[in-house]
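Dropping target_25.txt in here (compact mmCIF, C-alpha atoms and all ligand atoms):
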# COMPACT_ATOMS: atom_id res chain seq x y z
CA MET A 1 0.00 0.00 0.00
CA ALA A 2 1.32 3.49 -0.85
CA THR A 3 2.55 5.60 2.09
CA ALA A 4 -0.25 8.18 1.72
CA ALA A 5 -2.88 5.42 1.72
CA LEU A 6 -1.29 3.84 4.79
CA LYS A 7 -1.34 7.18 6.64
CA LYS A 8 -5.00 7.63 5.75
CA THR A 9 -5.86 4.16 7.08
CA ALA A 10 -3.97 4.90 10.27
CA LEU A 11 -5.88 8.15 10.77
CA ASN A 12 -9.20 6.47 10.09
CA SER A 13 -8.44 3.77 12.61
CA VAL A 14 -7.65 6.41 15.26
CA SER A 15 -11.10 7.95 14.88
CA GLN A 16 -12.69 4.48 14.77
CA ILE A 17 -10.98 3.58 18.04
CA SER A 18 -12.32 6.82 19.57
CA SER A 19 -15.92 6.19 18.60
CA ALA A 20 -15.71 2.47 19.46
CA ASN A 21 -14.70 3.56 22.93
CA ILE A 22 -17.87 5.62 23.38
CA PRO A 23 -21.00 3.64 24.27
CA ASN A 24 -23.94 4.19 21.94
CA ASN A 25 -26.66 2.50 23.93
CA ARG A 26 -26.95 5.01 26.78
CA ILE A 27 -26.45 8.68 27.65
CA VAL A 28 -22.81 9.77 27.51
CA THR A 29 -22.00 12.97 29.35
CA LEU A 30 -19.37 15.45 28.20
CA ASP A 31 -17.14 14.54 31.14
CA GLU A 32 -17.33 10.81 30.35
CA PHE A 33 -16.69 11.47 26.67
CA ILE A 34 -13.66 13.66 27.41
CA LEU A 35 -12.20 11.06 29.78
CA ARG A 36 -12.79 8.17 27.38
CA SER A 37 -11.18 10.14 24.53
CA GLU A 38 -8.17 11.20 26.59
CA LYS A 39 -5.88 8.54 25.16
CA ASP A 40 -6.34 10.06 21.69
CA PHE A 41 -4.63 13.30 22.71
CA ASP A 42 -1.03 13.82 21.72
CA TYR A 43 -0.14 14.65 25.33
CA ALA A 44 -2.40 12.36 27.35
CA THR A 45 -1.56 13.77 30.77
CA GLY A 46 -5.06 14.74 31.77
CA GLU A 47 -4.33 18.48 31.59
CA LEU A 48 -6.24 19.04 28.37
CA THR A 49 -9.03 16.85 29.69
CA GLY A 50 -9.21 19.08 32.77
CA LEU A 51 -9.28 22.24 30.68
CA LEU A 52 -12.13 21.05 28.50
CA ARG A 53 -14.09 20.07 31.58
CA ASP A 54 -13.47 23.51 33.13
CA ILE A 55 -14.76 25.19 29.97
CA GLY A 56 -17.83 22.93 30.19
CA VAL A 57 -18.43 24.09 33.77
CA ALA A 58 -18.05 27.77 32.81
CA ALA A 59 -20.47 27.20 29.92
CA LYS A 60 -23.12 25.88 32.30
CA ILE A 61 -22.73 28.89 34.59
CA ILE A 62 -22.89 31.33 31.65
CA ASN A 63 -25.88 29.46 30.25
CA ARG A 64 -27.76 29.90 33.53
CA GLU A 65 -27.24 33.66 33.38
CA VAL A 66 -27.97 33.99 29.64
CA ASN A 67 -31.24 32.11 30.16
CA LYS A 68 -32.45 34.41 32.89
CA ALA A 69 -31.06 37.59 31.33
CA GLY A 70 -34.54 38.82 30.52
CA LEU A 71 -35.63 38.43 34.13
CA VAL A 72 -32.92 40.30 35.94
CA ASN A 73 -31.36 43.70 35.59
CA ILE A 74 -28.31 42.37 33.80
CA LEU A 75 -29.10 43.50 30.27
CA GLY A 76 -27.61 46.57 28.68
CA MET A 77 -24.27 48.33 28.81
CA ALA A 78 -21.67 47.49 31.41
CA ASP A 79 -20.16 50.37 33.38
CA SER A 80 -16.91 49.85 31.54
CA GLY A 81 -18.61 50.97 28.29
CA GLU A 82 -16.36 49.90 25.48
CA ASN A 83 -13.77 47.13 25.11
CA GLN A 84 -10.28 47.62 23.69
CA SER A 85 -11.52 47.32 20.11
CA GLY A 86 -14.05 50.10 20.60
CA ASP A 87 -17.02 47.71 20.46
CA THR A 88 -19.93 48.22 22.78
CA GLN A 89 -19.54 45.89 25.75
CA GLN A 90 -22.64 44.37 27.29
CA LYS A 91 -23.07 43.30 30.90
CA LEU A 92 -23.37 39.66 29.98
CA ASP A 93 -20.08 39.87 28.05
CA VAL A 94 -18.40 40.96 31.26
CA TYR A 95 -20.13 38.25 33.28
CA ALA A 96 -19.19 35.51 30.80
CA ASN A 97 -15.62 36.77 30.64
CA GLU A 98 -15.27 36.75 34.43
CA ARG A 99 -16.72 33.24 34.82
CA LEU A 100 -14.46 31.76 32.15
CA ILE A 101 -11.38 33.40 33.65
CA GLU A 102 -12.38 32.21 37.13
CA CYS A 103 -12.93 28.59 36.03
CA LEU A 104 -9.63 28.49 34.12
CA GLN A 105 -7.71 30.18 36.94
CA ASN A 106 -8.87 27.56 39.42
CA SER A 107 -8.15 24.63 37.12
CA GLY A 108 -4.36 24.63 37.44
CA GLU A 109 -4.09 23.44 33.83
CA CYS A 110 -3.79 26.82 32.13
CA CYS A 111 -0.85 29.20 32.48
CA ALA A 112 -2.35 32.20 30.67
CA ILE A 113 -5.55 33.45 29.07
CA ALA A 114 -6.44 35.88 26.28
CA SER A 115 -9.94 37.18 25.77
CA GLU A 116 -11.73 39.51 23.38
CA GLU A 117 -12.64 41.58 26.43
CA ASN A 118 -9.07 42.08 27.73
CA ASP A 119 -6.39 44.17 26.06
CA ASN A 120 -3.49 42.02 27.25
CA ILE A 121 -2.87 38.42 28.19
CA ILE A 122 -3.79 37.37 31.72
CA HIS A 123 -1.17 35.33 33.56
CA VAL A 124 -2.54 32.53 35.72
CA PRO A 125 -0.51 31.78 38.84
CA PRO A 126 0.20 28.04 39.29
CA VAL A 127 -2.31 26.29 41.56
CA THR A 128 0.10 23.45 42.41
CA SER A 129 3.84 22.92 42.04
CA LYS A 130 3.12 21.26 38.68
CA PRO A 131 3.74 23.60 35.71
CA SER A 132 0.84 24.12 33.31
CA HIS A 133 1.41 23.70 29.60
CA TYR A 134 -1.62 25.31 27.97
CA VAL A 135 -2.90 28.76 27.04
CA VAL A 136 -6.56 29.41 26.33
CA MET A 137 -8.12 32.10 24.15
CA PHE A 138 -11.79 32.91 23.92
CA ASP A 139 -14.54 35.23 22.86
CA PRO A 140 -16.71 34.91 25.97
CA LEU A 141 -19.98 36.00 24.38
CA ASP A 142 -19.93 36.31 20.63
CA GLY A 143 -22.77 38.10 18.87
CA SER A 144 -23.53 40.28 21.85
CA SER A 145 -25.79 42.60 19.86
CA ASN A 146 -28.27 39.70 19.97
CA ILE A 147 -28.54 39.69 23.74
CA ASP A 148 -31.10 42.46 24.11
CA VAL A 149 -33.44 40.84 21.60
CA ASN A 150 -33.35 37.32 23.03
CA MET A 151 -31.50 35.76 20.12
CA SER A 152 -28.78 33.16 20.32
CA VAL A 153 -25.21 34.02 21.30
CA GLY A 154 -22.13 31.87 21.84
CA THR A 155 -18.76 31.34 23.45
CA ILE A 156 -15.79 30.46 21.20
CA PHE A 157 -12.56 28.96 22.56
CA ALA A 158 -9.14 27.83 21.34
CA ILE A 159 -6.49 25.92 23.30
CA TYR A 160 -2.79 25.90 22.46
CA ARG A 161 0.19 24.17 24.03
CA ARG A 162 2.61 26.85 25.17
CA LYS A 163 5.90 27.31 23.34
CA SER A 164 7.76 29.03 26.18
CA ASP A 165 9.61 27.28 28.99
CA PRO A 166 6.97 25.96 31.47
CA SER A 167 9.12 27.01 34.43
CA GLY A 168 8.66 30.72 33.55
CA PRO A 169 5.70 32.96 32.77
CA ALA A 170 3.79 32.53 29.49
CA THR A 171 4.62 35.01 26.73
CA ILE A 172 2.69 36.66 23.93
CA ASP A 173 4.33 34.21 21.50
CA ASP A 174 2.45 31.39 23.21
CA PHE A 175 -0.70 33.03 21.83
CA LEU A 176 0.62 34.19 18.46
CA GLN A 177 0.71 30.68 17.00
CA THR A 178 -0.90 29.74 13.71
CA GLY A 179 -4.28 28.02 13.89
CA THR A 180 -2.74 24.72 12.79
CA LYS A 181 -1.16 24.54 16.25
CA GLN A 182 -4.49 24.51 18.10
CA VAL A 183 -4.80 21.37 20.22
CA ALA A 184 -8.51 21.88 20.82
CA ALA A 185 -11.18 24.33 19.74
CA GLY A 186 -14.89 24.68 20.05
CA TYR A 187 -17.92 26.74 20.86
CA VAL A 188 -20.93 26.85 23.09
CA LEU A 189 -24.17 27.94 21.48
CA TYR A 190 -26.78 29.40 23.81
CA GLY A 191 -29.72 28.81 21.48
CA THR A 192 -33.13 27.18 21.74
CA SER A 193 -31.10 24.51 23.45
CA THR A 194 -27.53 24.95 24.65
CA MET A 195 -24.85 22.99 22.82
CA LEU A 196 -21.14 22.54 23.28
CA VAL A 197 -19.32 21.46 20.12
CA TYR A 198 -15.59 20.75 20.15
CA THR A 199 -12.69 19.08 18.43
CA THR A 200 -9.26 17.92 19.55
CA GLY A 201 -8.24 17.20 15.96
CA ARG A 202 -9.99 13.80 15.86
CA GLY A 203 -13.34 14.82 14.42
CA VAL A 204 -16.12 16.96 15.85
CA ASN A 205 -18.67 16.01 18.48
CA GLY A 206 -21.63 17.95 19.84
CA PHE A 207 -23.24 17.84 23.28
CA THR A 208 -26.64 19.21 24.23
CA LEU A 209 -27.24 20.51 27.73
CA ASP A 210 -29.99 18.58 29.47
CA PRO A 211 -31.22 21.19 31.96
CA SER A 212 -33.01 18.55 34.05
CA ILE A 213 -29.73 16.90 35.02
CA GLY A 214 -27.41 19.84 34.37
CA GLU A 215 -25.15 17.84 32.06
CA PHE A 216 -23.98 18.22 28.48
CA CYS A 217 -24.92 14.91 26.81
CA LEU A 218 -23.49 13.54 23.57
CA SER A 219 -26.14 14.30 20.94
CA HIS A 220 -24.19 14.81 17.68
CA ARG A 221 -21.49 12.17 17.09
CA ASN A 222 -18.75 12.68 14.54
CA MET A 223 -20.38 15.73 12.91
CA ARG A 224 -19.81 16.14 9.16
CA ILE A 225 -20.64 19.29 7.22
CA PRO A 226 -22.62 18.74 3.99
CA GLU A 227 -20.33 18.85 0.96
CA ASN A 228 -22.49 21.47 -0.78
CA SER A 229 -25.56 23.58 -0.12
CA GLN A 230 -27.65 26.40 -1.51
CA THR A 231 -27.54 28.75 1.47
CA TYR A 232 -25.20 31.67 2.05
CA SER A 233 -24.74 33.81 5.14
CA VAL A 234 -23.45 37.38 4.93
CA ASN A 235 -24.53 40.84 6.08
CA GLN A 236 -25.87 41.81 2.68
CA GLY A 237 -26.60 45.30 3.96
CA TYR A 238 -22.92 46.02 3.30
CA TYR A 239 -23.18 44.87 -0.34
CA SER A 240 -22.12 48.20 -1.84
CA LYS A 241 -19.06 48.25 0.45
CA PHE A 242 -17.80 44.83 -0.66
CA ASP A 243 -15.08 44.30 -3.29
CA LEU A 244 -16.17 43.54 -6.86
CA GLU A 245 -15.45 39.80 -6.65
CA MET A 246 -17.54 39.44 -3.50
CA ARG A 247 -20.41 41.37 -5.09
CA ARG A 248 -20.24 39.09 -8.16
CA TYR A 249 -20.31 35.99 -5.93
CA ILE A 250 -23.32 37.32 -4.04
CA ASP A 251 -25.05 38.17 -7.34
CA ASN A 252 -24.45 34.58 -8.41
CA CYS A 253 -25.95 33.22 -5.17
CA SER A 254 -29.00 35.35 -5.80
CA ASP A 255 -29.20 34.34 -9.51
CA GLN A 256 -29.06 30.68 -8.46
CA ASN A 257 -31.92 31.29 -5.96
CA TYR A 258 -29.72 30.38 -3.00
CA GLY A 259 -31.31 31.09 0.37
CA LEU A 260 -29.82 33.87 2.54
CA ARG A 261 -29.64 33.28 6.31
CA TYR A 262 -27.85 35.70 8.63
CA ILE A 263 -28.35 35.75 12.39
CA GLY A 264 -25.54 38.20 13.17
CA SER A 265 -23.98 35.83 15.67
CA MET A 266 -21.15 33.95 14.00
CA VAL A 267 -21.44 30.93 16.29
CA SER A 268 -25.11 30.53 15.42
CA ASP A 269 -24.57 31.04 11.69
CA VAL A 270 -21.62 28.63 11.60
CA HIS A 271 -23.49 26.07 13.69
CA ARG A 272 -26.37 26.09 11.22
CA ILE A 273 -23.88 25.69 8.36
CA LEU A 274 -22.12 22.81 10.13
CA ILE A 275 -25.43 20.96 10.31
CA GLN A 276 -27.20 22.02 7.10
CA GLY A 277 -24.33 23.19 4.88
CA GLY A 278 -23.70 26.61 3.39
CA ILE A 279 -21.09 29.34 3.45
CA PHE A 280 -20.53 32.13 5.99
CA LEU A 281 -18.79 35.28 4.77
CA TYR A 282 -17.37 38.29 6.54
CA PRO A 283 -15.31 40.04 3.85
CA SER A 284 -13.63 43.42 4.03
CA THR A 285 -15.89 46.46 4.14
CA ARG A 286 -15.05 50.14 4.14
CA LYS A 287 -15.43 50.21 7.92
CA TYR A 288 -13.39 47.02 8.43
CA PRO A 289 -10.92 46.80 5.50
CA LYS A 290 -9.20 43.81 7.13
CA GLY A 291 -12.49 42.15 8.08
CA LYS A 292 -14.32 42.50 11.38
CA LEU A 293 -13.81 39.13 13.01
CA ARG A 294 -10.78 38.26 15.14
CA LEU A 295 -8.32 35.69 13.88
CA LEU A 296 -7.20 34.13 17.14
CA TYR A 297 -10.38 33.55 19.11
CA GLU A 298 -13.12 33.69 16.47
CA CYS A 299 -11.85 32.57 13.05
CA ASN A 300 -9.17 30.03 14.00
CA PRO A 301 -11.24 27.90 16.39
CA LEU A 302 -14.22 27.82 14.03
CA ALA A 303 -11.90 27.07 11.08
CA MET A 304 -10.34 24.12 12.92
CA LEU A 305 -13.76 22.80 13.81
CA ILE A 306 -15.22 23.18 10.32
CA GLU A 307 -12.13 21.61 8.72
CA GLN A 308 -12.36 18.71 11.14
CA ALA A 309 -15.97 18.26 10.01
CA GLY A 310 -14.88 18.16 6.34
CA GLY A 311 -15.34 21.85 5.47
CA LYS A 312 -12.99 24.65 4.46
CA ALA A 313 -12.08 28.10 5.74
CA MET A 314 -10.05 30.77 3.93
CA ASN A 315 -9.64 34.53 3.96
CA THR A 316 -10.50 36.63 0.93
CA GLN A 317 -6.83 36.56 -0.11
CA LEU A 318 -7.50 32.81 -0.55
CA LYS A 319 -5.19 31.81 2.29
CA ARG A 320 -6.25 28.97 4.55
CA ILE A 321 -7.33 30.64 7.82
CA LEU A 322 -5.37 28.12 9.91
CA GLU A 323 -2.16 29.18 8.17
CA VAL A 324 -2.53 32.95 8.56
CA THR A 325 0.40 34.30 10.58
CA PRO A 326 -0.80 36.13 13.70
CA HIS A 327 1.05 39.25 14.79
CA ASP A 328 -1.45 40.77 17.19
CA LEU A 329 -3.69 39.30 19.87
CA HIS A 330 -6.79 41.08 18.56
CA GLN A 331 -5.95 40.90 14.86
CA ARG A 332 -8.93 40.96 12.52
CA CYS A 333 -9.27 38.92 9.36
CA THR A 334 -11.68 38.31 6.52
CA ILE A 335 -13.28 34.90 6.39
CA ALA A 336 -15.22 32.53 4.12
CA ILE A 337 -16.07 29.27 5.88
CA GLY A 338 -18.36 26.35 5.26
CA SER A 339 -19.18 23.55 2.82
CA PRO A 340 -16.07 22.72 0.77
CA THR A 341 -17.74 22.99 -2.64
CA MET A 342 -19.12 26.44 -1.82
CA VAL A 343 -15.77 27.72 -0.52
CA ASP A 344 -14.12 26.42 -3.70
CA GLU A 345 -16.79 28.12 -5.81
CA LEU A 346 -16.13 31.44 -4.06
CA LYS A 347 -12.39 30.94 -4.59
CA ALA A 348 -12.99 30.62 -8.34
CA PHE A 349 -15.03 33.87 -8.31
CA ILE A 350 -12.30 35.73 -6.45
CA GLU A 351 -9.63 34.44 -8.82
CA ARG A 352 -11.70 35.42 -11.82
CA TYR A 353 -13.00 38.84 -10.79
CA SER A 354 -10.14 40.18 -8.71
CA ALA A 355 -8.08 40.15 -11.89
CA LEU A 356 -10.53 42.57 -13.56
CA PRO A 357 -9.98 46.33 -13.43
CA LEU A 358 -12.68 48.20 -11.44
P1 LIG B 1 -18.83 40.57 18.69
O1 LIG B 1 -17.76 39.59 19.08
O2 LIG B 1 -18.50 41.95 19.09
O3 LIG B 1 -20.18 40.13 19.13
O4 LIG B 1 -18.82 40.68 17.06
C1 LIG B 1 -18.78 39.52 16.30
C2 LIG B 1 -20.09 39.35 15.59
C3 LIG B 1 -20.23 38.01 14.95
O5 LIG B 1 -20.77 37.08 15.82
C4 LIG B 1 -21.19 38.32 13.83
O6 LIG B 1 -21.07 37.41 12.78
C5 LIG B 1 -20.77 39.69 13.42
O7 LIG B 1 -20.17 40.29 14.54
C6 LIG B 1 -21.92 40.53 12.98
O8 LIG B 1 -21.44 41.75 12.52
P2 LIG B 1 -22.35 42.72 11.65
O9 LIG B 1 -23.38 43.26 12.57
O10 LIG B 1 -21.40 43.76 11.14
O11 LIG B 1 -22.95 41.91 10.53
MG MG B 2 -17.06 38.09 18.92

How does this structure look as structure tokens?
Amino acid sequence: MATAALKKTALNSVSQISSANIPNNRIVTLDEFILRSEKDFDYATGELTGLLRDIGVAAKIINREVNKAGLVNILGMADSGENQSGDTQQKLDVYANERLIECLQNSGECCAIASEENDNIIHVPPVTSKPSHYVVMFDPLDGSSNIDVNMSVGTIFAIYRRKSDPSGPATIDDFLQTGTKQVAAGYVLYGTSTMLVYTTGRGVNGFTLDPSIGEFCLSHRNMRIPENSQTYSVNQGYYSKFDLEMRRYIDNCSDQNYGLRYIGSMVSDVHRILIQGGIFLYPSTRKYPKGKLRLLYECNPLAMLIEQAGGKAMNTQLKRILEVTPHDLHQRCTIAIGSPTMVDELKAFIERYSALPL
């Protein structure tokens, strides 16, 4: 057998071992799933397992607050007003940020954190004498403009193994790693039901929160994105501010009678695309010439997840998102992500029309 074919067989057998290890005749909780999958991790020391469990705990706490947001005086602007990027910061953003930081600080598995809501990295003092090897980045509550109107929002997270010496403090370079170096990534969607979807590079699995027992339960095994679809997701209100090639692609979607779905919460839009297929676009606009979304804690984790499910993610310069070199913690980038055939179709439009004079 050729080497490439052998490698493919080996990879397939890894994912088969993982799923064979997970019972399919009874409820499997997130904690059980993480523990049973631990041996598949490259560094099976239990640290990554602990981190994922801590994120699951934070997600449950945030979910509780998001669900009762309409009942308590927690909606609206936080006292702090704006975050470092100049975006309006909502009270629930602050709450979610604090809970995630708290859970990760107490875990002992994470040496530093970066968040959309904090200008700089946050160092986490060691909880035990054991050094911690991971850094975590997150957008605590993505799509916050949806909060006041009772629409779905999400948490996005990415986990990297630190590059710096574990005996010293973490450095910014531990965070400025390309997306290919992510060891785990995922999101929590606070929607009609709450779901946690994650990958450690061995496929994608989804867990739905059962509020009656307070546990995330395995509900979507080995998620695969549809190869193609007829739905696109973009803020078409900015049409006149898009580049020519993007306008031509959108015209084509409309000519082909593709459906347009746009929630305005990337986690929700990408989740729908993961399940039903489609393409999500946030290209450059006049307001955001480099794109609006953040590379490190929005685009990279969702790109890893969608690729693991069989999809593709690139920027509008046609570079694979996971290979974009980061130089700033809060760097923005353009993104096209979703069903592989649709991303390839967009690529062909960009190649064709970006060559034309305006
Ligand atoms: P946020 O992290 O400040 O909430 O911004 C990110 C959100 C994405 O979830 C969503 O896709 C996008 O911003 C919507 O932006 P727009 O209103 O420009 O379409
Ligand atoms: Mg966001």

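Using all atoms listed in the file, the smallest distance between any of A:Lys91, A:Lys60, A:Lys292, A:Arg162 and Leu196 in chain A comes from A:Lys60.
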
If you take only C-alpha atoms and all ligand atoms and a cut-off of 8 Å, which residues of chain A touch ligand LIG 1 (chain B), and what are their nearest atom pairs and distances in Å to one decimal, in chain and number order, as JSON lines?
{"residue": "A:Asp87", "atom": "CA", "partner": "B:LIG1", "partner_atom": "O2", "distance": 6.1}
{"residue": "A:Thr88", "atom": "CA", "partner": "B:LIG1", "partner_atom": "O2", "distance": 7.4}
{"residue": "A:Gln89", "atom": "CA", "partner": "B:LIG1", "partner_atom": "O2", "distance": 7.8}
{"residue": "A:Glu116", "atom": "CA", "partner": "B:LIG1", "partner_atom": "O1", "distance": 7.4}
{"residue": "A:Asp139", "atom": "CA", "partner": "B:LIG1", "partner_atom": "O1", "distance": 6.6}
{"residue": "A:Leu141", "atom": "CA", "partner": "B:LIG1", "partner_atom": "O3", "distance": 6.7}
{"residue": "A:Asp142", "atom": "CA", "partner": "B:LIG1", "partner_atom": "O3", "distance": 4.1}
{"residue": "A:Gly143", "atom": "CA", "partner": "B:LIG1", "partner_atom": "O3", "distance": 3.3}
{"residue": "A:Ser144", "atom": "CA", "partner": "B:LIG1", "partner_atom": "O3", "distance": 4.3}
{"residue": "A:Ser145", "atom": "CA", "partner": "B:LIG1", "partner_atom": "O3", "distance": 6.2}
{"residue": "A:Val153", "atom": "CA", "partner": "B:LIG1", "partner_atom": "O5", "distance": 7.7}
{"residue": "A:Val234", "atom": "CA", "partner": "B:LIG1", "partner_atom": "O11", "distance": 7.2}
{"residue": "A:Asn235", "atom": "CA", "partner": "B:LIG1", "partner_atom": "O11", "distance": 4.8}
{"residue": "A:Ile263", "atom": "CA", "partner": "B:LIG1", "partner_atom": "O6", "distance": 7.5}
{"residue": "A:Gly264", "atom": "CA", "partner": "B:LIG1", "partner_atom": "C6", "distance": 4.3}
{"residue": "A:Ser265", "atom": "CA", "partner": "B:LIG1", "partner_atom": "O5", "distance": 3.4}
{"residue": "A:Met266", "atom": "CA", "partner": "B:LIG1", "partner_atom": "O5", "distance": 3.6}
{"residue": "A:Val267", "atom": "CA", "partner": "B:LIG1", "partner_atom": "O5", "distance": 6.2}
{"residue": "A:Ser268", "atom": "CA", "partner": "B:LIG1", "partner_atom": "O5", "distance": 7.9}
{"residue": "A:Asp269", "atom": "CA", "partner": "B:LIG1", "partner_atom": "O6", "distance": 7.3}
{"residue": "A:Tyr282", "atom": "CA", "partner": "B:LIG1", "partner_atom": "O6", "distance": 7.3}
{"residue": "A:Lys292", "atom": "CA", "partner": "B:LIG1", "partner_atom": "O7", "distance": 7.0}
{"residue": "A:Leu293", "atom": "CA", "partner": "B:LIG1", "partner_atom": "C1", "distance": 6.0}
{"residue": "A:Glu298", "atom": "CA", "partner": "B:LIG1", "partner_atom": "O1", "distance": 7.9}

Exercise. Given the choices A:Arg26, A:Arg320, A:Arg294, A:Arg36, which gets closest to ligand MG 2 (chain B) if the distance is worked out from only C-alpha atoms and all ligand atoms?
Worked result: A:Arg294

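Shown here are all protein and nucleic acid residues lying within 8 Å of (-18.7, 32.9, 1.7), with all atoms listed in the file considered: Tyr232, Ser233, Val234, Ile279, Phe280, Leu281, Tyr282, Ile335, Ala336, Ile337, Gly338, Met342, Val343 and Leu346 of chain A.
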
Mind dumping the selected residues with C-alpha atoms as a tab-separated table (two decimals), keeping the file's coordinate frame?
chain	number	residue	atom	x	y	z
A	232	TYR	CA	-25.20	31.67	2.05
A	233	SER	CA	-24.74	33.81	5.14
A	234	VAL	CA	-23.45	37.38	4.93
A	279	ILE	CA	-21.09	29.34	3.45
A	280	PHE	CA	-20.53	32.13	5.99
A	281	LEU	CA	-18.79	35.28	4.77
A	282	TYR	CA	-17.37	38.29	6.54
A	335	ILE	CA	-13.28	34.90	6.39
A	336	ALA	CA	-15.22	32.53	4.12
A	337	ILE	CA	-16.07	29.27	5.88
A	338	GLY	CA	-18.36	26.35	5.26
A	342	MET	CA	-19.12	26.44	-1.82
A	343	VAL	CA	-15.77	27.72	-0.52
A	346	LEU	CA	-16.13	31.44	-4.06

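The residue that comes closest to ligand MG 2 (chain B), out of A:Ile62, A:Leu296, A:Val136, A:Ile22 and on the basis of all atoms listed in the file, is A:Leu296.
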
For this session: Choose the residue, out of A:Gln276, A:Lys287, A:Met223, A:Pro140, that has the smallest atom-to-atom separation from ligand MG 2 (chain B); count all atoms listed in the file.
Result: A:Pro140

Exercise. Which residues come within 12 Å of Arg352 in chain A, counting all atoms listed in the file, excluding same-chain residues fewer than 6 positions away, as a PyMOL selection string?
Worked result: chain A and resi 244-246+248-249+345-346

For this session: Record the distance separating CA of Pro126 in chain A and CA of Leu104 in chain A, expressed in Å with one decimal.
Result: 11.1 Å

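The nearest approach to Asn252 in chain A among the residues A:Tyr297, A:Tyr238, A:Phe349, A:Phe207, with all atoms listed in the file taken into account, belongs to A:Phe349.
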
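Of the listed residues A:Lys241, A:Lys347, A:Arg261, A:His330, the one whose atoms come nearest to ligand MG 2 (chain B) is A:His330, with distances taken using all atoms listed in the file.
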
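The coordinates place CA of Ile61 in chain A at 25.2 Å from CA of His133 in chain A.
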
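Reported to one decimal place, the separation of CA of Gly214 in chain A from CA of Asn63 in chain A is 10.6 Å.
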